[in-house]
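Have a look at input-v9.csv below; it lists CSV, C-alpha atoms and all ligand atoms.
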chain,number,residue,atom,x,y,z
A,1,MET,CA,3.6,14.2,12.8
A,2,ARG,CA,3.2,11.4,10.3
A,3,ARG,CA,5.7,8.5,10.8
A,4,LYS,CA,6.9,7.3,7.4
A,5,LEU,CA,5.9,3.8,6.3
A,6,VAL,CA,8.0,1.8,3.9
A,7,ALA,CA,6.0,-1.3,2.7
A,8,GLY,CA,7.3,-4.1,0.6
A,9,ASN,CA,4.8,-5.7,-1.8
A,10,TRP,CA,6.4,-9.0,-2.7
A,11,LYS,CA,3.7,-9.8,-5.3
A,12,MET,CA,3.8,-13.5,-6.5
A,13,ASN,CA,7.5,-13.9,-5.7
A,14,GLY,CA,9.6,-15.9,-3.3
A,15,SER,CA,9.9,-19.4,-1.8
A,16,ALA,CA,10.1,-20.5,1.9
A,17,GLU,CA,13.9,-20.4,1.6
A,18,SER,CA,14.2,-17.1,-0.1
A,19,ILE,CA,11.7,-15.5,2.3
A,20,ARG,CA,13.6,-16.7,5.4
A,21,GLY,CA,16.8,-15.1,3.9
A,22,LEU,CA,15.0,-11.9,3.0
A,23,LEU,CA,13.5,-11.5,6.5
A,24,GLU,CA,16.8,-12.3,8.2
A,25,GLY,CA,18.4,-9.5,6.2
A,26,ILE,CA,15.6,-7.0,6.9
A,27,LYS,CA,15.6,-7.9,10.7
A,28,ALA,CA,19.4,-7.4,10.8
A,29,GLY,CA,19.1,-3.8,9.6
A,30,ALA,CA,15.8,-2.8,11.0
A,31,ALA,CA,17.1,-1.1,14.2
A,32,GLU,CA,19.1,1.4,12.0
A,33,VAL,CA,15.9,2.6,10.3
A,34,ALA,CA,13.7,2.6,13.4
A,35,ALA,CA,12.4,6.1,12.7
A,36,VAL,CA,10.5,4.6,9.7
A,37,GLU,CA,7.8,1.9,10.1
A,38,LEU,CA,8.5,-1.2,8.0
A,39,ALA,CA,5.9,-3.7,6.7
A,40,VAL,CA,6.1,-6.7,4.3
A,41,PHE,CA,3.4,-8.2,2.2
A,42,PRO,CA,4.1,-11.9,1.3
A,43,PRO,CA,1.9,-14.2,-0.8
A,44,PHE,CA,-0.8,-15.7,1.4
A,45,VAL,CA,0.8,-19.1,1.7
A,46,TYR,CA,3.9,-17.7,3.4
A,47,LEU,CA,1.9,-15.7,6.0
A,48,GLU,CA,2.4,-18.1,8.8
A,49,LEU,CA,6.2,-18.3,8.1
A,50,VAL,CA,6.3,-14.5,8.1
A,51,GLU,CA,4.4,-14.2,11.3
A,52,GLN,CA,6.8,-16.7,13.0
A,53,GLN,CA,9.8,-14.8,11.8
A,54,LEU,CA,8.5,-11.3,12.6
A,55,SER,CA,6.6,-11.8,15.9
A,56,GLY,CA,8.2,-9.7,18.6
A,57,THR,CA,10.0,-7.5,16.1
A,58,ALA,CA,8.9,-3.9,15.1
A,59,ILE,CA,8.3,-5.0,11.5
A,60,ALA,CA,4.6,-5.3,10.5
A,61,TRP,CA,3.2,-7.7,8.0
A,62,GLY,CA,0.0,-8.1,5.9
A,63,THR,CA,-1.4,-9.4,2.7
A,64,GLN,CA,-1.7,-8.1,-0.9
A,65,ASN,CA,-5.5,-8.7,-1.1
A,66,LEU,CA,-8.5,-10.0,0.8
A,67,SER,CA,-12.1,-11.1,-0.1
A,68,GLU,CA,-14.9,-8.7,0.4
A,69,HIS,CA,-16.8,-11.5,2.1
A,70,ALA,CA,-16.2,-12.8,5.6
A,71,SER,CA,-16.7,-16.6,4.8
A,72,GLY,CA,-18.6,-18.9,2.5
A,73,ALA,CA,-18.4,-20.6,-0.9
A,74,TYR,CA,-15.8,-18.4,-2.6
A,75,THR,CA,-13.3,-20.9,-3.9
A,76,GLY,CA,-9.7,-19.6,-3.8
A,77,GLU,CA,-10.4,-16.5,-1.8
A,78,VAL,CA,-9.0,-15.4,1.6
A,79,ALA,CA,-11.2,-13.5,4.1
A,80,GLY,CA,-10.5,-10.8,6.6
A,81,PRO,CA,-11.0,-12.9,9.7
A,82,MET,CA,-8.3,-15.2,8.4
A,83,LEU,CA,-5.9,-12.3,8.2
A,84,GLN,CA,-6.8,-11.5,11.8
A,85,ASP,CA,-5.8,-15.0,12.8
A,86,PHE,CA,-2.3,-14.3,11.5
A,87,HIS,CA,-2.2,-10.9,13.2
A,88,CYS,CA,-1.9,-8.9,10.0
A,89,ALA,CA,-1.5,-5.2,10.7
A,90,TYR,CA,-2.3,-4.1,7.1
A,91,VAL,CA,-3.8,-5.3,3.8
A,92,ILE,CA,-3.3,-3.8,0.4
A,93,VAL,CA,-6.5,-3.1,-1.4
A,94,GLY,CA,-7.1,-2.0,-5.0
A,95,HIS,CA,-3.6,-2.5,-6.3
A,96,SER,CA,-3.6,-1.6,-10.0
A,97,GLU,CA,-2.7,-5.3,-10.9
A,98,ARG,CA,-5.9,-6.4,-9.1
A,99,ARG,CA,-7.9,-3.7,-10.8
A,100,THR,CA,-6.7,-4.4,-14.3
A,101,LEU,CA,-5.9,-8.1,-14.3
A,102,TYR,CA,-8.8,-9.2,-12.0
A,103,GLY,CA,-11.4,-6.6,-12.9
A,104,GLU,CA,-11.7,-5.1,-9.4
A,105,SER,CA,-14.1,-2.1,-9.7
A,106,ASP,CA,-13.9,1.0,-7.5
A,107,GLU,CA,-17.0,-0.3,-5.6
A,108,MET,CA,-15.4,-3.7,-5.0
A,109,VAL,CA,-12.2,-2.1,-3.8
A,110,ALA,CA,-14.4,-0.1,-1.4
A,111,ARG,CA,-16.1,-3.2,-0.1
A,112,LYS,CA,-12.7,-4.8,0.5
A,113,PHE,CA,-11.5,-1.7,2.3
A,114,ALA,CA,-14.6,-2.1,4.5
A,115,ALA,CA,-14.0,-5.8,5.1
A,116,ALA,CA,-10.5,-5.1,6.3
A,117,ARG,CA,-11.6,-2.4,8.7
A,118,LYS,CA,-14.3,-4.7,10.1
A,119,VAL,CA,-11.6,-7.1,11.4
A,120,GLY,CA,-9.2,-4.3,12.6
A,121,VAL,CA,-6.7,-4.8,9.7
A,122,LYS,CA,-5.7,-1.4,8.3
A,123,PRO,CA,-6.3,-1.1,4.5
A,124,ILE,CA,-3.6,0.4,2.3
A,125,LEU,CA,-5.8,1.8,-0.5
A,126,CYS,CA,-4.0,2.0,-3.9
A,127,VAL,CA,-5.1,4.7,-6.3
A,128,GLY,CA,-3.5,5.9,-9.5
A,129,GLU,CA,-3.9,6.7,-13.2
A,130,THR,CA,-2.8,4.9,-16.3
A,131,LEU,CA,-0.4,6.5,-18.8
A,132,GLU,CA,-3.4,7.2,-21.2
A,133,GLU,CA,-5.3,8.9,-18.4
A,134,ARG,CA,-2.3,11.0,-17.5
A,135,ASP,CA,-1.8,12.0,-21.1
A,136,GLN,CA,-5.5,12.9,-21.3
A,137,GLY,CA,-5.0,15.2,-18.3
A,138,VAL,CA,-7.6,13.3,-16.2
A,139,THR,CA,-5.2,12.1,-13.4
A,140,GLU,CA,-7.0,14.1,-10.7
A,141,SER,CA,-10.5,13.0,-11.7
A,142,VAL,CA,-9.4,9.3,-11.8
A,143,VAL,CA,-7.9,9.5,-8.3
A,144,GLU,CA,-10.9,11.4,-7.0
A,145,ARG,CA,-13.3,8.8,-8.4
A,146,GLN,CA,-11.3,5.9,-6.8
A,147,LEU,CA,-11.1,7.8,-3.5
A,148,LYS,CA,-14.8,8.7,-3.6
A,149,ALA,CA,-16.0,5.1,-3.8
A,150,VAL,CA,-14.4,4.5,-0.4
A,151,LEU,CA,-15.5,7.8,1.1
A,152,ASP,CA,-19.0,7.2,0.0
A,153,LEU,CA,-19.1,3.7,1.6
A,154,GLU,CA,-17.0,4.1,4.7
A,155,GLY,CA,-16.8,7.9,5.4
A,156,ILE,CA,-13.9,10.1,6.1
A,157,GLU,CA,-13.3,8.8,9.7
A,158,ALA,CA,-12.4,5.4,8.2
A,159,PHE,CA,-9.1,7.0,7.1
A,160,ASN,CA,-8.1,7.3,10.8
A,161,ASP,CA,-7.2,3.6,10.4
A,162,ALA,CA,-6.1,3.4,6.8
A,163,VAL,CA,-3.2,4.4,4.5
A,164,ILE,CA,-3.4,5.6,0.9
A,165,ALA,CA,-0.8,4.7,-1.7
A,166,TYR,CA,-0.6,6.8,-4.9
A,167,GLU,CA,0.7,4.5,-7.5
A,168,PRO,CA,0.7,5.8,-11.1
A,169,VAL,CA,0.1,2.7,-13.1
A,170,TRP,CA,2.7,3.8,-15.7
A,171,ALA,CA,5.4,3.8,-13.1
A,172,ILE,CA,4.7,0.3,-11.6
A,173,GLY,CA,7.4,-2.2,-12.5
A,174,THR,CA,8.5,-0.1,-15.5
A,175,GLY,CA,11.6,1.6,-14.1
A,176,ARG,CA,9.9,4.9,-14.9
A,177,THR,CA,9.3,6.9,-11.7
A,178,ALA,CA,7.1,10.0,-11.3
A,179,THR,CA,9.2,13.0,-10.6
A,180,PRO,CA,9.0,14.2,-7.0
A,181,GLN,CA,6.9,17.2,-8.1
A,182,GLN,CA,4.5,15.0,-10.2
A,183,ALA,CA,4.0,12.7,-7.2
A,184,GLN,CA,3.8,15.6,-4.7
A,185,ASP,CA,1.1,17.3,-6.8
A,186,VAL,CA,-1.2,14.2,-6.7
A,187,HIS,CA,-0.4,13.6,-3.0
A,188,ALA,CA,-1.4,17.2,-2.2
A,189,PHE,CA,-4.6,16.8,-4.3
A,190,ILE,CA,-5.5,13.6,-2.4
A,191,ARG,CA,-4.9,15.3,1.0
A,192,ALA,CA,-7.0,18.3,-0.1
A,193,LYS,CA,-9.9,16.0,-1.1
A,194,LEU,CA,-9.7,14.4,2.4
A,195,ALA,CA,-9.5,17.9,4.0
A,196,GLU,CA,-12.7,19.0,2.3
A,197,GLN,CA,-14.4,16.5,4.6
A,198,ASN,CA,-12.2,16.6,7.7
A,199,PRO,CA,-8.9,18.6,7.9
A,200,THR,CA,-7.7,16.7,11.0
A,201,VAL,CA,-8.0,13.3,9.3
A,202,ALA,CA,-6.4,14.7,6.2
A,203,ALA,CA,-3.4,16.0,8.1
A,204,GLU,CA,-2.9,12.6,9.8
A,205,THR,CA,-3.5,10.2,6.9
A,206,ARG,CA,-0.3,8.7,5.5
A,207,ILE,CA,0.0,8.8,1.7
A,208,LEU,CA,2.7,6.6,0.3
A,209,TYR,CA,4.1,6.8,-3.2
A,210,GLY,CA,4.6,3.6,-5.3
A,211,GLY,CA,6.0,3.1,-8.7
A,212,SER,CA,9.6,2.0,-9.3
A,213,MET,CA,10.8,3.5,-6.1
A,214,LYS,CA,14.4,2.6,-5.3
A,215,ALA,CA,17.2,3.9,-3.2
A,216,ALA,CA,18.4,6.2,-6.0
A,217,ASN,CA,15.1,8.1,-6.0
A,218,SER,CA,13.4,7.4,-2.7
A,219,GLY,CA,15.2,10.2,-0.8
A,220,GLU,CA,14.0,13.0,-3.0
A,221,LEU,CA,10.5,11.5,-3.2
A,222,MET,CA,10.1,11.1,0.6
A,223,ALA,CA,11.5,14.7,1.1
A,224,MET,CA,8.3,16.0,-0.4
A,225,ALA,CA,5.8,17.5,2.0
A,226,ASP,CA,2.9,15.1,1.4
A,227,ILE,CA,4.8,11.9,0.7
A,228,ASP,CA,4.8,9.7,3.8
A,229,GLY,CA,6.7,6.7,2.6
A,230,GLY,CA,6.7,4.2,-0.2
A,231,LEU,CA,4.9,1.1,-1.4
A,232,ILE,CA,7.8,-0.8,-3.0
A,233,GLY,CA,7.5,-3.8,-5.4
A,234,GLY,CA,10.7,-5.0,-7.1
A,235,ALA,CA,13.2,-3.3,-4.8
A,236,SER,CA,11.5,-4.9,-1.7
A,237,LEU,CA,12.8,-8.3,-2.7
A,238,ASP,CA,16.3,-7.4,-1.7
A,239,ALA,CA,16.9,-6.7,2.0
A,240,LYS,CA,19.7,-4.2,1.3
A,241,ASP,CA,17.7,-2.3,-1.3
A,242,PHE,CA,14.6,-2.3,0.9
A,243,LEU,CA,16.6,-1.0,3.9
A,244,ALA,CA,18.3,1.6,1.8
A,245,ILE,CA,15.0,3.0,0.8
A,246,ALA,CA,13.9,3.1,4.4
A,247,ARG,CA,17.1,4.8,5.4
A,248,SER,CA,16.5,7.6,3.0
A,249,GLY,CA,13.2,8.3,4.8
A,250,CYS,CA,14.8,8.6,8.2
A,301,LIG,C1,3.9,-2.0,-6.6
A,301,LIG,O1,3.7,-3.1,-7.2
A,301,LIG,O2,3.1,-1.6,-5.7
A,301,LIG,C2,5.1,-1.3,-7.1
A,301,LIG,C3,5.2,0.0,-6.7
A,301,LIG,O3,6.0,-2.0,-7.8
A,301,LIG,P1,7.4,-1.5,-8.3
A,301,LIG,O4,8.1,-0.8,-7.1
A,301,LIG,O5,8.1,-2.7,-8.8
A,301,LIG,O6,7.2,-0.5,-9.4

Translate the structure of the given file into structure tokens.
Ligand code: PEP
Amino acid sequence: MRRKLVAGNWKMNGSAESIRGLLEGIKAGAAEVAAVELAVFPPFVYLELVEQQLSGTAIAWGTQNLSEHASGAYTGEVAGPMLQDFHCAYVIVGHSERRTLYGESDEMVARKFAAARKVGVKPILCVGETLEERDQGVTESVVERQLKAVLDLEGIEAFNDAVIAYEPVWAIGTGRTATPQQAQDVHAFIRAKLAEQNPTVAAETRILYGGSMKAANSGELMAMADIDGGLIGGASLDAKDFLAIARSGC
């Protein structure tokens, strides 16, 4: 039985003050949605604050990116062992904004996935097609290529300690959500690809949906057989909205 995960990607938003308020709100309502696992992903500089606020609660935290390297002359980067210092449970790798704005290739994303696992931080691997790719009918081959880079480097067993997030790029931050059936079709495809290599791992791997998920659509999305929660951007910046999404998955 896969426990649902509702994860909030705060992107480059927030201040120390707003984050304190947001976490107070989430903590106040977390017990009501205990059936679902909650996780938040602040900008790096607020990691210590988030750890202080969430230690001892059931809410997990992590970061939105990490370096593929463990240490060294990589100005501006943050390494896996540093995430371990702040007891991160998860790290997002291969978010489409990293792939498109910062040129992260499938191979680099795979190396980041490996770097996270090396320090015991669970990667949340983001995959998904652009609108152009969907219109060309190549959604499955794009997602398969993104997944394959990780499978080739790390092997199927790596997904025992990882999560996948299917995020159609055309739905991120656009207000346009995939229909439950569109999302389910791709989730089922991803699970089938994993099952070709190991049916047990495939059955246990959580696959989240991301892309303009909000309380108004999260219930029907999370009711689909292969959708195991959500990776939430905009709606995760409001405690009430974030908790309402989680409640719809209970
Ligand atoms: C995201 O950035 O992962 C995301 C899903 O954003 P939004 O919910 O704002 O579309």

Between A:Gln146, A:Ser248, A:Thr139, A:Gln64, single out the one closest to ligand LIG 301 (chain A), counting all atoms listed in the file.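 Counting all atoms listed in the file, the residue closest to ligand LIG 301 (chain A) is A:Gln64.
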
Find the residues near region 108-119 of chain A: any atom within 8 Å, counting only C-alpha atoms, skip ones fewer than 4 places away on the same chain, and give them as JSON, numbers by chain. {"A": [66, 67, 68, 69, 70, 80, 81, 84, 91, 93, 94, 104, 123, 125, 149, 150, 153, 154, 158, 161]}

Residue nearest ligand LIG 301 (chain A) - candidates A:Leu49, A:Ile124, A:Met12, A:Leu231, atoms counted: only C-alpha atoms and all ligand atoms: A:Leu231

So, with only C-alpha atoms and all ligand atoms as the atoms that count, which of A:Gly76, A:Gly175, A:Pro180, A:Gly62 lies closest to ligand LIG 301 (chain A)?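 Smallest distance to ligand LIG 301 (chain A) is found for A:Gly175.
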
To one decimal place, how far is CA of Val186 (chain A) from atom C1 of ligand LIG 301 (chain A) in Å?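 Interatomic distance, CA of Val186 (chain A) to atom C1 of ligand LIG 301 (chain A): 17.0 Å.
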
Separation of CA of Leu83 (chain A) and CA of Ile59 (chain A), in Å?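 Going from CA of Leu83 (chain A) over to CA of Ile59 (chain A), I get 16.3 Å.
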
Judged by only C-alpha atoms, the minimum distance to Asn217 (chain A) among A:Gly173, A:Gly230, A:Gly29, A:Pro42 is found for A:Gly230

For ligand LIG 301 (chain A), list the contacting residues at 7 Å or closer, counting all atoms listed in the file, as a list in words.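 I would give the residues around ligand LIG 301 (chain A) as Asn9, Lys11, His95, Glu167, Ala171, Ile172, Gly173, Thr174, Gly175, Gly210, Gly211, Ser212, Met213, Leu231, Ile232, Gly233, Gly234 and Ala235 of chain A.
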
Between A:Ala178, A:Ile227, A:Ala34, A:Ala162, which one has atoms that come closest to Arg191 (chain A), using all atoms listed in the file? A:Ile227

Tell me which of A:Gln136, A:Gln53, A:Thr179, A:Gln184 sits closest to Val40 (chain A), counting only C-alpha atoms. A:Gln53

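The interatomic distance for the pair CA of Asp238 (chain A) and CA of Tyr46 (chain A) works out to 16.9 Å.
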
Tell me which protein, DNA and RNA residues are within 10 Å of Gly229 (chain A), counting all atoms listed in the file, leaving out same-chain ones fewer than 2 positions away, and put them as a list of chain:residue names.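 Contacts, with the query itself left out: A:Arg2, A:Arg3, A:Lys4, A:Leu5, A:Val6, A:Ala7, A:Val36, A:Glu37, A:Leu38, A:Ala165, A:Arg206, A:Ile207, A:Leu208, A:Tyr209, A:Gly210, A:Ser218, A:Gly219, A:Leu221, A:Met222, A:Ala223, A:Met224, A:Asp226, A:Ile227, A:Leu231, A:Ile232, A:Ile245, A:Ala246, A:Ser248, A:Gly249.
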
For region 127-132 of chain A: contacts at 6 Å, all atoms listed in the file, fewer than 3 positions along chain excluded, given as a ChimeraX atom specification: /A:135,139,143,166-170

Please provide the set of residues having any atom within 12 Å of Glu157 (chain A), restricted to only C-alpha atoms, with same-chain residues fewer than 6 positions apart removed, written as a VMD selection string. chain A and resid 117 150 to 151 194 to 195 197 to 202 204 to 205

With C-alpha atoms retained, write the just-selected residues as a PDB file, keeping the file's coordinate frame.
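Once everything was written out, this is selection_12.pdb:
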ATOM      1  CA  ARG A 117     -11.600  -2.400   8.700  1.00  0.00           C
ATOM      2  CA  VAL A 150     -14.400   4.500  -0.400  1.00  0.00           C
ATOM      3  CA  LEU A 151     -15.500   7.800   1.100  1.00  0.00           C
ATOM      4  CA  LEU A 194      -9.700  14.400   2.400  1.00  0.00           C
ATOM      5  CA  ALA A 195      -9.500  17.900   4.000  1.00  0.00           C
ATOM      6  CA  GLN A 197     -14.400  16.500   4.600  1.00  0.00           C
ATOM      7  CA  ASN A 198     -12.200  16.600   7.700  1.00  0.00           C
ATOM      8  CA  PRO A 199      -8.900  18.600   7.900  1.00  0.00           C
ATOM      9  CA  THR A 200      -7.700  16.700  11.000  1.00  0.00           C
ATOM     10  CA  VAL A 201      -8.000  13.300   9.300  1.00  0.00           C
ATOM     11  CA  ALA A 202      -6.400  14.700   6.200  1.00  0.00           C
ATOM     12  CA  GLU A 204      -2.900  12.600   9.800  1.00  0.00           C
ATOM     13  CA  THR A 205      -3.500  10.200   6.900  1.00  0.00           C
TER      14      THR A 205
END
